[in-house]
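Visitor: input_11.txt is reproduced in full below (compact mmCIF, C-alpha atoms and all ligand atoms).
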```
# COMPACT_ATOMS: atom_id res chain seq x y z
CA MET B 1 19.83 12.43 -14.73
CA PRO B 2 23.63 12.59 -14.69
CA GLN B 3 23.74 12.35 -10.90
CA PHE B 4 22.27 8.84 -10.97
CA HIS B 5 24.42 7.66 -13.89
CA ASP B 6 27.47 8.74 -11.85
CA LEU B 7 26.15 6.76 -8.89
CA ILE B 8 25.71 3.61 -10.98
CA ASN B 9 29.17 3.98 -12.51
CA SER B 10 30.73 4.50 -9.08
CA ASN B 11 29.75 0.94 -8.01
CA LEU B 12 28.59 2.36 -4.69
CA ILE B 13 25.07 1.09 -5.32
CA GLN B 14 24.23 -2.62 -5.44
CA GLY B 15 20.51 -2.29 -6.08
CA LYS B 16 18.92 -1.82 -9.51
CA ILE B 17 18.28 1.54 -11.15
CA PHE B 18 16.04 1.98 -14.20
CA PHE B 19 15.19 5.14 -16.15
CA ASP B 20 11.80 5.86 -17.73
CA LYS B 21 10.50 2.57 -16.41
CA SER B 22 6.82 1.82 -16.96
CA LEU B 23 5.04 1.03 -13.69
CA GLU B 24 1.80 -0.13 -15.30
CA ASN B 25 2.37 -3.85 -14.94
CA LEU B 26 3.72 -3.51 -11.41
CA THR B 27 0.52 -1.95 -10.06
CA TRP B 28 -2.55 -3.90 -8.98
CA LEU B 29 -4.78 -1.64 -11.10
CA LYS B 30 -2.58 -2.27 -14.17
CA VAL B 31 -2.48 1.40 -15.18
CA GLY B 32 -0.09 4.29 -14.84
CA GLY B 33 2.84 6.03 -16.46
CA LYS B 34 6.60 5.77 -16.08
CA ALA B 35 8.93 6.40 -13.17
CA SER B 36 11.61 8.79 -14.42
CA CYS B 37 14.04 6.96 -12.12
CA LEU B 38 13.14 3.68 -10.42
CA TYR B 39 15.48 2.36 -7.76
CA ILE B 40 15.12 -1.08 -6.16
CA PRO B 41 17.57 -1.26 -3.24
CA LYS B 42 19.43 -4.44 -2.41
CA ASN B 43 19.18 -3.93 1.33
CA LYS B 44 18.86 -1.15 3.91
CA GLU B 45 22.58 -0.33 3.84
CA ASP B 46 22.42 0.08 0.04
CA LEU B 47 19.37 2.31 0.43
CA ALA B 48 21.11 4.48 3.04
CA VAL B 49 24.14 4.95 0.72
CA PHE B 50 21.80 5.87 -2.14
CA LEU B 51 19.97 8.48 -0.05
CA LYS B 52 23.22 9.98 1.22
CA HIS B 53 24.49 10.42 -2.35
CA ILE B 54 21.51 12.02 -4.04
CA ASP B 55 20.66 15.70 -3.99
CA SER B 56 18.44 16.42 -1.01
CA LYS B 57 16.11 18.42 -3.30
CA VAL B 58 15.22 15.34 -5.41
CA LYS B 59 11.63 14.21 -4.79
CA ILE B 60 11.37 10.69 -3.38
CA SER B 61 8.33 8.40 -3.57
CA VAL B 62 8.42 4.99 -1.90
CA PHE B 63 6.12 2.02 -2.47
CA GLY B 64 5.71 -1.64 -1.66
CA ARG B 65 3.46 -3.83 -3.83
CA LEU B 66 1.55 -0.91 -5.40
CA SER B 67 -1.79 -2.40 -4.32
CA ASN B 68 -3.22 0.84 -2.92
CA VAL B 69 -2.14 3.41 -5.50
CA LEU B 70 -3.43 4.96 -8.70
CA ILE B 71 -0.35 6.12 -10.59
CA ARG B 72 -1.40 8.77 -13.06
CA ASP B 73 -0.65 8.36 -16.79
CA GLY B 74 2.03 11.08 -16.74
CA GLY B 75 4.11 8.99 -14.32
CA ILE B 76 6.27 9.97 -11.36
CA SER B 77 9.14 12.46 -11.44
CA GLY B 78 12.14 12.34 -9.10
CA VAL B 79 13.12 8.96 -7.67
CA THR B 80 10.65 6.15 -7.15
CA ILE B 81 11.81 3.51 -4.67
CA LEU B 82 10.25 0.06 -4.52
CA ILE B 83 10.89 -1.96 -1.38
CA PRO B 84 11.65 -5.50 -2.60
CA PRO B 85 10.87 -8.87 -0.95
CA SER B 86 14.55 -9.05 0.16
CA PHE B 87 13.68 -6.65 3.01
CA SER B 88 12.54 -9.79 4.72
CA GLN B 89 13.87 -9.77 8.27
CA LEU B 90 11.87 -12.12 10.50
CA GLU B 91 12.90 -12.28 14.12
CA ILE B 92 11.01 -13.66 17.05
CA HIS B 93 11.71 -12.27 20.54
CA LYS B 94 10.61 -12.96 24.09
CA ASN B 95 7.12 -11.82 25.23
CA ASN B 96 5.52 -12.68 21.86
CA LYS B 97 7.18 -9.77 20.04
CA ILE B 98 8.33 -10.11 16.42
CA THR B 99 10.41 -7.87 14.16
CA LEU B 100 9.40 -7.85 10.51
CA GLY B 101 11.12 -6.43 7.43
CA SER B 102 9.00 -4.01 5.39
CA GLY B 103 9.26 -6.13 2.21
CA LEU B 104 7.45 -9.14 3.69
CA LEU B 105 4.05 -9.92 2.22
CA ASP B 106 1.21 -9.46 4.71
CA LYS B 107 -0.16 -12.95 4.05
CA ASN B 108 3.27 -14.52 4.72
CA VAL B 109 3.41 -12.68 8.04
CA SER B 110 0.01 -14.07 8.95
CA GLN B 111 1.29 -17.58 8.11
CA PHE B 112 4.49 -17.03 10.15
CA ALA B 113 2.43 -15.90 13.14
CA TYR B 114 0.23 -19.01 12.82
CA ASP B 115 3.32 -21.27 12.65
CA ASN B 116 4.58 -19.67 15.87
CA ASN B 117 1.29 -19.65 17.82
CA LEU B 118 1.04 -15.85 17.69
CA GLY B 119 -2.43 -14.33 17.62
CA GLY B 120 -3.35 -10.82 16.38
CA PHE B 121 -1.99 -11.08 12.83
CA GLU B 122 -4.89 -13.02 11.26
CA PHE B 123 -6.38 -9.99 9.45
CA LEU B 124 -3.18 -9.66 7.39
CA SER B 125 -4.13 -12.85 5.51
CA GLY B 126 -6.71 -10.79 3.59
CA ILE B 127 -4.51 -7.86 2.56
CA PRO B 128 -2.39 -8.10 -0.60
CA GLY B 129 0.40 -5.57 0.11
CA ASN B 130 3.59 -5.79 2.12
CA ILE B 131 4.29 -4.83 5.73
CA GLY B 132 5.75 -1.39 4.88
CA GLY B 133 2.61 -0.48 2.92
CA ALA B 134 0.38 -1.90 5.66
CA ILE B 135 2.09 0.27 8.30
CA ALA B 136 2.01 3.45 6.19
CA MET B 137 -1.71 2.90 5.49
CA ASN B 138 -2.62 1.52 8.92
CA ALA B 139 -4.19 -1.32 6.92
CA GLY B 140 -6.90 -3.41 8.46
CA CYS B 141 -10.10 -5.37 8.01
CA TYR B 142 -12.96 -6.87 10.02
CA GLY B 143 -12.26 -4.82 13.14
CA SER B 144 -8.45 -5.23 13.33
CA GLU B 145 -5.75 -2.89 12.09
CA ILE B 146 -1.96 -2.40 12.22
CA LYS B 147 -2.31 0.14 15.04
CA ASP B 148 -3.54 -2.66 17.38
CA ILE B 149 -0.35 -4.73 17.13
CA ILE B 150 2.54 -2.39 16.36
CA ASP B 151 5.15 -1.50 18.91
CA GLU B 152 7.98 0.34 17.16
CA VAL B 153 8.78 1.33 13.55
CA LEU B 154 12.28 1.84 12.16
CA ILE B 155 12.36 4.53 9.49
CA LEU B 156 15.12 5.65 7.16
CA GLU B 157 14.89 9.42 6.83
CA LYS B 158 15.70 11.23 3.59
CA ASP B 159 19.16 12.12 4.88
CA GLY B 160 19.98 8.39 5.18
CA GLU B 161 19.71 8.29 9.00
CA LEU B 162 17.65 5.68 10.85
CA LYS B 163 15.06 6.77 13.41
CA SER B 164 12.70 4.81 15.61
CA TYR B 165 9.03 5.78 16.15
CA ASN B 166 6.71 4.24 18.74
CA ASN B 167 3.04 3.50 18.19
CA GLU B 168 1.91 6.88 19.52
CA GLU B 169 4.43 8.81 17.40
CA MET B 170 3.07 7.10 14.28
CA ASN B 171 -0.27 8.92 14.80
CA PHE B 172 -2.28 6.10 13.30
CA SER B 173 -5.84 6.84 12.25
CA TYR B 174 -8.28 5.22 9.82
CA ARG B 175 -6.09 4.13 6.83
CA ASN B 176 -3.51 6.76 7.67
CA SER B 177 -0.30 7.37 9.62
CA THR B 178 2.25 10.08 10.16
CA ILE B 179 4.51 8.73 7.38
CA LYS B 180 5.60 11.32 4.81
CA THR B 181 6.41 10.42 1.21
CA ASP B 182 10.18 10.64 1.75
CA GLN B 183 10.33 8.53 4.94
CA ILE B 184 11.05 4.86 4.33
CA ILE B 185 9.83 2.12 6.64
CA ILE B 186 12.58 -0.46 6.98
CA GLU B 187 11.23 -2.78 9.65
CA ALA B 188 8.91 -2.81 12.65
CA THR B 189 8.43 -4.67 15.91
CA PHE B 190 4.98 -6.03 16.64
CA GLN B 191 3.34 -7.29 19.82
CA GLY B 192 1.48 -10.58 19.36
CA ARG B 193 -0.17 -12.79 21.97
CA HIS B 194 0.18 -16.50 22.57
CA GLU B 195 -2.76 -18.35 21.05
CA ASN B 196 -3.47 -21.92 20.03
CA LYS B 197 -3.25 -22.81 16.36
CA SER B 198 -6.88 -23.87 15.95
CA ASN B 199 -8.14 -20.45 17.12
CA ILE B 200 -5.74 -18.66 14.77
CA LYS B 201 -6.72 -20.90 11.85
CA GLU B 202 -10.41 -20.33 12.46
CA LYS B 203 -9.89 -16.54 12.29
CA ILE B 204 -7.70 -16.75 9.15
CA ASP B 205 -10.27 -18.97 7.42
CA SER B 206 -13.01 -16.53 8.34
CA VAL B 207 -11.08 -13.54 6.92
CA ILE B 208 -10.34 -15.39 3.67
CA SER B 209 -13.88 -16.70 3.15
CA SER B 210 -15.48 -13.32 4.00
CA LYS B 211 -13.25 -11.70 1.39
CA GLU B 212 -14.01 -14.40 -1.21
CA GLU B 213 -17.75 -13.97 -0.67
CA SER B 214 -17.85 -10.18 -0.80
CA GLN B 215 -15.05 -9.00 -3.12
CA PRO B 216 -14.21 -9.53 -6.80
CA SER B 217 -11.28 -11.89 -7.38
CA LYS B 218 -8.89 -12.53 -10.28
CA VAL B 219 -9.41 -8.97 -11.60
CA ALA B 220 -7.18 -5.90 -11.70
CA THR B 221 -8.34 -3.74 -8.77
CA GLY B 222 -6.93 -1.47 -6.07
CA GLY B 223 -9.23 -2.75 -3.29
CA SER B 224 -11.46 -0.21 -1.53
CA THR B 225 -11.48 2.99 -3.57
CA PHE B 226 -12.94 5.25 -0.86
CA LYS B 227 -12.71 5.35 2.92
CA ASN B 228 -15.92 4.36 4.70
CA PRO B 229 -17.55 7.46 6.20
CA LYS B 230 -18.59 7.16 9.86
CA GLU B 231 -21.63 4.89 10.34
CA VAL B 232 -22.15 4.04 6.65
CA LYS B 233 -20.24 1.93 4.14
CA ALA B 234 -18.93 3.62 0.99
CA TRP B 235 -20.29 0.74 -1.16
CA GLU B 236 -23.82 1.30 0.19
CA LEU B 237 -23.69 4.99 -0.74
CA ILE B 238 -22.40 4.14 -4.24
CA ASN B 239 -25.00 1.41 -4.68
CA SER B 240 -27.93 3.55 -3.57
CA SER B 241 -26.77 6.31 -5.93
CA GLY B 242 -27.49 3.84 -8.76
CA LEU B 243 -23.85 3.45 -9.81
CA SER B 244 -23.26 -0.33 -9.58
CA GLY B 245 -21.49 -1.46 -12.76
CA TYR B 246 -21.06 2.14 -14.01
CA LYS B 247 -18.14 2.50 -16.44
CA ILE B 248 -15.91 5.27 -17.74
CA GLY B 249 -13.56 4.08 -20.50
CA GLY B 250 -12.08 0.82 -19.25
CA ALA B 251 -12.64 1.57 -15.54
CA MET B 252 -15.73 0.03 -13.96
CA ILE B 253 -17.43 -0.07 -10.56
CA SER B 254 -17.48 -3.75 -9.65
CA PRO B 255 -21.06 -5.04 -9.45
CA ILE B 256 -19.81 -7.54 -6.80
CA HIS B 257 -18.48 -4.84 -4.44
CA ASN B 258 -19.38 -1.26 -5.37
CA ASN B 259 -16.39 0.25 -3.54
CA PHE B 260 -13.99 -1.77 -5.73
CA PHE B 261 -13.13 -0.30 -9.14
CA ILE B 262 -11.86 -2.78 -11.73
CA ASN B 263 -9.84 -2.52 -14.92
CA THR B 264 -11.88 -4.22 -17.65
CA GLY B 265 -8.76 -4.52 -19.81
CA ASN B 266 -7.91 -1.22 -21.42
CA ALA B 267 -8.40 1.39 -18.69
CA SER B 268 -6.12 4.38 -18.27
CA ALA B 269 -5.37 6.00 -14.92
CA GLU B 270 -7.40 8.95 -16.16
CA ASP B 271 -10.46 6.68 -16.58
CA PHE B 272 -10.15 5.62 -12.92
CA GLU B 273 -9.68 9.16 -11.67
CA LYS B 274 -12.66 10.43 -13.72
CA LEU B 275 -14.79 7.55 -12.46
CA GLY B 276 -13.79 8.32 -8.87
CA GLU B 277 -14.57 12.03 -9.21
CA PHE B 278 -17.92 11.18 -10.86
CA VAL B 279 -18.81 8.89 -7.93
CA ILE B 280 -17.81 11.55 -5.38
CA HIS B 281 -20.06 14.07 -7.18
CA LYS B 282 -23.06 11.71 -7.50
CA VAL B 283 -22.88 10.42 -3.93
CA GLU B 284 -22.65 13.95 -2.57
CA LYS B 285 -25.67 14.94 -4.67
CA HIS B 286 -27.74 11.95 -3.48
CA HIS B 287 -26.65 11.71 0.15
CA GLY B 288 -24.88 14.95 1.07
CA ILE B 289 -21.78 12.94 2.04
CA ARG B 290 -18.44 13.63 0.37
CA LEU B 291 -16.45 10.43 -0.13
CA GLU B 292 -12.69 10.57 0.44
CA TRP B 293 -10.25 8.56 -1.70
CA GLU B 294 -8.61 5.65 0.14
CA ILE B 295 -6.53 4.75 -2.92
CA GLN B 296 -3.59 7.13 -3.14
CA LEU B 297 -3.47 9.27 -6.29
CA ILE B 298 0.17 9.60 -7.28
CA GLY B 299 2.13 11.46 -9.95
CA GLU B 300 1.22 13.70 -12.83
CA SER B 301 -1.60 13.54 -15.32
CA ILE B 302 -0.70 13.64 -19.02
CA ASP B 303 -1.90 17.27 -19.19
CA ASP B 304 0.67 18.32 -16.58
CA ILE B 305 3.72 17.12 -18.52
C1 LIG B 401 -7.84 -6.86 -3.68
C2 LIG B 401 -7.41 -5.87 -2.63
C3 LIG B 401 -7.90 -5.98 -1.33
C4 LIG B 401 -7.51 -5.07 -0.36
N1 LIG B 401 -8.00 -5.21 0.92
C5 LIG B 401 -7.61 -4.35 1.88
C6 LIG B 401 -8.10 -4.48 3.23
O1 LIG B 401 -8.87 -5.37 3.55
N2 LIG B 401 -7.66 -3.58 4.15
C7 LIG B 401 -6.79 -2.57 3.82
O2 LIG B 401 -6.43 -1.80 4.72
N3 LIG B 401 -6.31 -2.43 2.58
C8 LIG B 401 -6.70 -3.29 1.60
N4 LIG B 401 -6.21 -3.14 0.34
C9 LIG B 401 -5.31 -2.02 0.02
C10 LIG B 401 -3.81 -2.35 0.14
O3 LIG B 401 -3.56 -3.70 -0.12
C11 LIG B 401 -3.24 -1.99 1.51
O4 LIG B 401 -3.36 -0.62 1.78
C12 LIG B 401 -1.76 -2.39 1.62
O5 LIG B 401 -1.38 -2.29 2.96
C13 LIG B 401 -0.84 -1.53 0.76
O6 LIG B 401 0.43 -2.15 0.75
P1 LIG B 401 1.41 -1.98 -0.50
O7 LIG B 401 2.70 -2.64 -0.15
O8 LIG B 401 0.77 -2.46 -1.76
O9 LIG B 401 1.55 -0.41 -0.51
P2 LIG B 401 1.64 0.56 -1.79
O10 LIG B 401 0.34 0.51 -2.53
O11 LIG B 401 2.86 0.27 -2.55
O12 LIG B 401 1.75 1.97 -1.06
C14 LIG B 401 0.66 2.46 -0.31
C15 LIG B 401 1.14 3.66 0.53
O13 LIG B 401 2.09 3.20 1.48
C16 LIG B 401 3.34 3.91 1.33
N5 LIG B 401 4.42 2.93 1.53
C17 LIG B 401 4.51 1.68 1.03
N6 LIG B 401 5.64 1.07 1.47
C18 LIG B 401 6.27 1.97 2.24
C19 LIG B 401 7.51 1.95 2.98
N7 LIG B 401 8.31 0.88 3.04
N8 LIG B 401 7.86 3.08 3.67
C20 LIG B 401 7.06 4.19 3.65
N9 LIG B 401 5.89 4.26 2.99
C21 LIG B 401 5.50 3.16 2.29
C22 LIG B 401 3.32 4.47 -0.08
O14 LIG B 401 4.07 5.67 -0.17
C23 LIG B 401 1.83 4.74 -0.29
O15 LIG B 401 1.49 5.99 0.26
C24 LIG B 401 -6.60 -4.04 -0.68
C25 LIG B 401 -6.10 -3.93 -1.98
C26 LIG B 401 -6.49 -4.84 -2.96
C27 LIG B 401 -5.91 -4.72 -4.33
```
Please rewrite the model in this file as structure tokens.
Ligand SMILES: Cc1cc2nc3c(=O)[nH]c(=O)nc-3n(C[C@H](O)[C@H](O)[C@H](O)COP(=O)(O)OP(=O)(O)OC[C@H]3O[C@@H](n4cnc5c(N)ncnc54)[C@H](O)[C@@H]3O)c2cc1C
Guide:
Amino acid sequence: MPQFHDLINSNLIQGKIFFDKSLENLTWLKVGGKASCLYIPKNKEDLAVFLKHIDSKVKISVFGRLSNVLIRDGGISGVTILIPPSFSQLEIHKNNKITLGSGLLDKNVSQFAYDNNLGGFEFLSGIPGNIGGAIAMNAGCYGSEIKDIIDEVLILEKDGELKSYNNEEMNFSYRNSTIKTDQIIIEATFQGRHENKSNIKEKIDSVISSKEESQPSKVATGGSTFKNPKEVKAWELINSSGLSGYKIGGAMISPIHNNFFINTGNASAEDFEKLGEFVIHKVEKHHGIRLEWEIQLIGESIDDI
């Protein structure tokens, strides 16, 4: 990739660039191949310079904490961009509005909102990604989601220009938004509401304890594997298809929460994908409902390269 070597040598870029960098240990599922070029920007200005200097035909894939992705074993071609914790703007405005950098961890945002008597952010205490990932996925739990609190999103387009999108323009739906793979969320403004600390704490405690009671902890997982179909939970369909604890290679359906797949230690991305496809097939056979992946399948399988 001579283009990128030239960029590094030019000293125009302050962030870090790696070639053929394994992503396995960076993902929550602890599987996946290499990024042919991994770029971790220093800040949004650095990122804009980078985008302006690369060929517009180069494929771009952007991620946060990699908690909702299954990166295939063949890795990712083009440029993979990871938004680091240094994208950490935290500004509080009048009327209970706050602006948040996309690299902030969801749980830290929930804590910040608590510290400042802002209600509406409690659900973020149960989600392991960062704010950019939460916006792109319209993340949510227990009846609340990003769509309920977001006002405006600042996005860096592939040509290096910044553009603002309001809530409506983001087209949020269940675990989805309008974001395309080459649009990068830089920051967003959220609308909170004034609330007393004891109410906020009660809600945060309830989110955390509900998660602890119902989901596996201290294991490599990507959270919910499939979206819940209307009126029925994906885990119920998987359970009643007799698949609790089912395993392919090192990938297993968690017996604690059947919509969570876990890495028992030596899984490959292919094991997870095969397990997912097997579940989709079995559930459709038993219930006539076709499950849809919530985890994003990214990159190439070994057979493709
Ligand atoms: C144990 C566990 C529990 C979970 N519980 C929940 C839950 O309760 N509710 C829920 O909704 N999710 C849950 N998840 C899934 C996941 O944590 C969320 O979807 C989270 O918001 C993803 O954030 P991330 O930073 O890890 O995104 P990534 O996994 O890195 O990326 C996810 C998607 O967002 C895009 N993206 C990420 N950052 C940016 C950016 N800056 N600009 C543009 N696009 C971007 C990526 O391209 C990708 O398509 C859980 C996951 C785990 C492992």
Visitor: Report the closest atom pair, with its distance in Å rounded to one decimal, for each residue of range 131-167 of chain B that has an atom no farther than 8 Å from range 101-111 of chain B; count only C-alpha atoms, sort by chain and then rising residue number, and write it as JSON lines.
Guide:
```
{"residue": "B:Ile131", "atom": "CA", "partner": "B:Ser102", "partner_atom": "CA", "distance": 4.8}
{"residue": "B:Gly132", "atom": "CA", "partner": "B:Ser102", "partner_atom": "CA", "distance": 4.2}
{"residue": "B:Gly133", "atom": "CA", "partner": "B:Ser102", "partner_atom": "CA", "distance": 7.7}
{"residue": "B:Ala134", "atom": "CA", "partner": "B:Asp106", "partner_atom": "CA", "distance": 7.7}
```
Visitor: Could you turn the residues from that selection into a file that holds C-alpha atoms, as an mmCIF file, in the coordinates of the input?
Guide:
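Listing of again_12.cif after writing:
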```
data_model
loop_
_atom_site.group_PDB
_atom_site.id
_atom_site.type_symbol
_atom_site.label_atom_id
_atom_site.label_comp_id
_atom_site.auth_asym_id
_atom_site.auth_seq_id
_atom_site.Cartn_x
_atom_site.Cartn_y
_atom_site.Cartn_z
ATOM 1 C CA ILE B 131 4.290 -4.830 5.730
ATOM 2 C CA GLY B 132 5.750 -1.390 4.880
ATOM 3 C CA GLY B 133 2.610 -0.480 2.920
ATOM 4 C CA ALA B 134 0.380 -1.900 5.660
#
```
Visitor: Would you work out the distance separating atom C5 of ligand LIG 401 (chain B) from CA of Thr80 in chain B, expressed in Å to one decimal?
Guide: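 Spanning atom C5 of ligand LIG 401 (chain B) to CA of Thr80 in chain B is a straight-line distance of 22.9 Å.
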Visitor: Between CA of Ile8 in chain B and CA of Asp73 in chain B, what is the distance in Å, rounded to a tenth?
Guide: 27.4 Å
Visitor: Hey, what's within 12 Å of range 183-186 of chain B if we count all atoms listed in the file and toss same-chain stuff fewer than 6 positions away? As a PyMOL selection string, please?
Guide: chain B and resi 41+43-45+47-48+51+59-64+80-89+99-104+130-137+152-165+170+177
Visitor: I need the chosen residues saved as a PDB file, keeping the file's coordinate frame, with C-alpha atoms.
Guide:
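Output contents, as saved in out-v3.pdb:
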```
ATOM      1  CA  PRO B  41      17.570  -1.260  -3.240  1.00  0.00           C
ATOM      2  CA  ASN B  43      19.180  -3.930   1.330  1.00  0.00           C
ATOM      3  CA  LYS B  44      18.860  -1.150   3.910  1.00  0.00           C
ATOM      4  CA  GLU B  45      22.580  -0.330   3.840  1.00  0.00           C
ATOM      5  CA  LEU B  47      19.370   2.310   0.430  1.00  0.00           C
ATOM      6  CA  ALA B  48      21.110   4.480   3.040  1.00  0.00           C
ATOM      7  CA  LEU B  51      19.970   8.480  -0.050  1.00  0.00           C
ATOM      8  CA  LYS B  59      11.630  14.210  -4.790  1.00  0.00           C
ATOM      9  CA  ILE B  60      11.370  10.690  -3.380  1.00  0.00           C
ATOM     10  CA  SER B  61       8.330   8.400  -3.570  1.00  0.00           C
ATOM     11  CA  VAL B  62       8.420   4.990  -1.900  1.00  0.00           C
ATOM     12  CA  PHE B  63       6.120   2.020  -2.470  1.00  0.00           C
ATOM     13  CA  GLY B  64       5.710  -1.640  -1.660  1.00  0.00           C
ATOM     14  CA  THR B  80      10.650   6.150  -7.150  1.00  0.00           C
ATOM     15  CA  ILE B  81      11.810   3.510  -4.670  1.00  0.00           C
ATOM     16  CA  LEU B  82      10.250   0.060  -4.520  1.00  0.00           C
ATOM     17  CA  ILE B  83      10.890  -1.960  -1.380  1.00  0.00           C
ATOM     18  CA  PRO B  84      11.650  -5.500  -2.600  1.00  0.00           C
ATOM     19  CA  PRO B  85      10.870  -8.870  -0.950  1.00  0.00           C
ATOM     20  CA  SER B  86      14.550  -9.050   0.160  1.00  0.00           C
ATOM     21  CA  PHE B  87      13.680  -6.650   3.010  1.00  0.00           C
ATOM     22  CA  SER B  88      12.540  -9.790   4.720  1.00  0.00           C
ATOM     23  CA  GLN B  89      13.870  -9.770   8.270  1.00  0.00           C
ATOM     24  CA  THR B  99      10.410  -7.870  14.160  1.00  0.00           C
ATOM     25  CA  LEU B 100       9.400  -7.850  10.510  1.00  0.00           C
ATOM     26  CA  GLY B 101      11.120  -6.430   7.430  1.00  0.00           C
ATOM     27  CA  SER B 102       9.000  -4.010   5.390  1.00  0.00           C
ATOM     28  CA  GLY B 103       9.260  -6.130   2.210  1.00  0.00           C
ATOM     29  CA  LEU B 104       7.450  -9.140   3.690  1.00  0.00           C
ATOM     30  CA  ASN B 130       3.590  -5.790   2.120  1.00  0.00           C
ATOM     31  CA  ILE B 131       4.290  -4.830   5.730  1.00  0.00           C
ATOM     32  CA  GLY B 132       5.750  -1.390   4.880  1.00  0.00           C
ATOM     33  CA  GLY B 133       2.610  -0.480   2.920  1.00  0.00           C
ATOM     34  CA  ALA B 134       0.380  -1.900   5.660  1.00  0.00           C
ATOM     35  CA  ILE B 135       2.090   0.270   8.300  1.00  0.00           C
ATOM     36  CA  ALA B 136       2.010   3.450   6.190  1.00  0.00           C
ATOM     37  CA  MET B 137      -1.710   2.900   5.490  1.00  0.00           C
ATOM     38  CA  GLU B 152       7.980   0.340  17.160  1.00  0.00           C
ATOM     39  CA  VAL B 153       8.780   1.330  13.550  1.00  0.00           C
ATOM     40  CA  LEU B 154      12.280   1.840  12.160  1.00  0.00           C
ATOM     41  CA  ILE B 155      12.360   4.530   9.490  1.00  0.00           C
ATOM     42  CA  LEU B 156      15.120   5.650   7.160  1.00  0.00           C
ATOM     43  CA  GLU B 157      14.890   9.420   6.830  1.00  0.00           C
ATOM     44  CA  LYS B 158      15.700  11.230   3.590  1.00  0.00           C
ATOM     45  CA  ASP B 159      19.160  12.120   4.880  1.00  0.00           C
ATOM     46  CA  GLY B 160      19.980   8.390   5.180  1.00  0.00           C
ATOM     47  CA  GLU B 161      19.710   8.290   9.000  1.00  0.00           C
ATOM     48  CA  LEU B 162      17.650   5.680  10.850  1.00  0.00           C
ATOM     49  CA  LYS B 163      15.060   6.770  13.410  1.00  0.00           C
ATOM     50  CA  SER B 164      12.700   4.810  15.610  1.00  0.00           C
ATOM     51  CA  TYR B 165       9.030   5.780  16.150  1.00  0.00           C
ATOM     52  CA  MET B 170       3.070   7.100  14.280  1.00  0.00           C
ATOM     53  CA  SER B 177      -0.300   7.370   9.620  1.00  0.00           C
TER      54      SER B 177
END
```
Visitor: Report, in Å to a single decimal, how far apart atom N4 of ligand LIG 401 (chain B) and CA of Gly276 in chain B are.
Guide: 16.5 Å
Visitor: Name the closest residue to Glu91 in chain B among the candidates B:Leu237, B:Ile146, B:Val31, B:Ala188; distances are taken between atoms, counting all atoms listed in the file.
Guide: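 Under the stated criterion, the closest residue is B:Ala188.
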Visitor: Ranking B:Phe226, B:Trp28, B:Phe50, B:Tyr39 by minimum distance to Leu275 in chain B and counting all atoms listed in the file, which one comes first?
Guide: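 Answer, going by the shortest atom-to-atom distance: B:Phe226.
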Visitor: Which residue is closest to Ser67 in chain B? Choose from B:Glu294, B:Asp6, B:Glu300, B:Glu145 and count all atoms listed in the file.
Guide: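 Among the listed residues, the smallest separation from Ser67 in chain B belongs to B:Glu294.
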Visitor: B:Lys16, B:Lys230, B:His257, B:His194: which is nearest Ser217 in chain B, counting only C-alpha atoms?
Guide: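 Smallest separation from Ser217 in chain B among the options: B:His257.
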Visitor: With distances taken over only C-alpha atoms and all ligand atoms, which of B:Leu7, B:Ile17, B:Ile238, B:Cys141 is nearest to ligand LIG 401 (chain B)?
Guide: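 Closest candidate: B:Cys141.
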Visitor: So which one's closest to Lys34 in chain B, B:Gly249, B:Gly74, B:Gly288, B:Gly15? Using all atoms listed in the file, please.
Guide: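 Checking each candidate against Lys34 in chain B, we get B:Gly74 as the closest.
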Visitor: Give me the residues near Asn116 in chain B as number ranges by chain, where near means some atom within 12 Å (using all atoms listed in the file) and where sequence neighbours in that chain fewer than 5 positions away do not count.
Guide: B: 90-93, 96-98, 109-111, 121, 192-197, 200
Visitor: Find the residues around Arg72 in chain B up to 7 Å (all atoms listed in the file counted), leave out those fewer than 4 positions away in its own chain, and share them as a ChimeraX atom specification.
Guide: /B:32-33,269-270,298-301
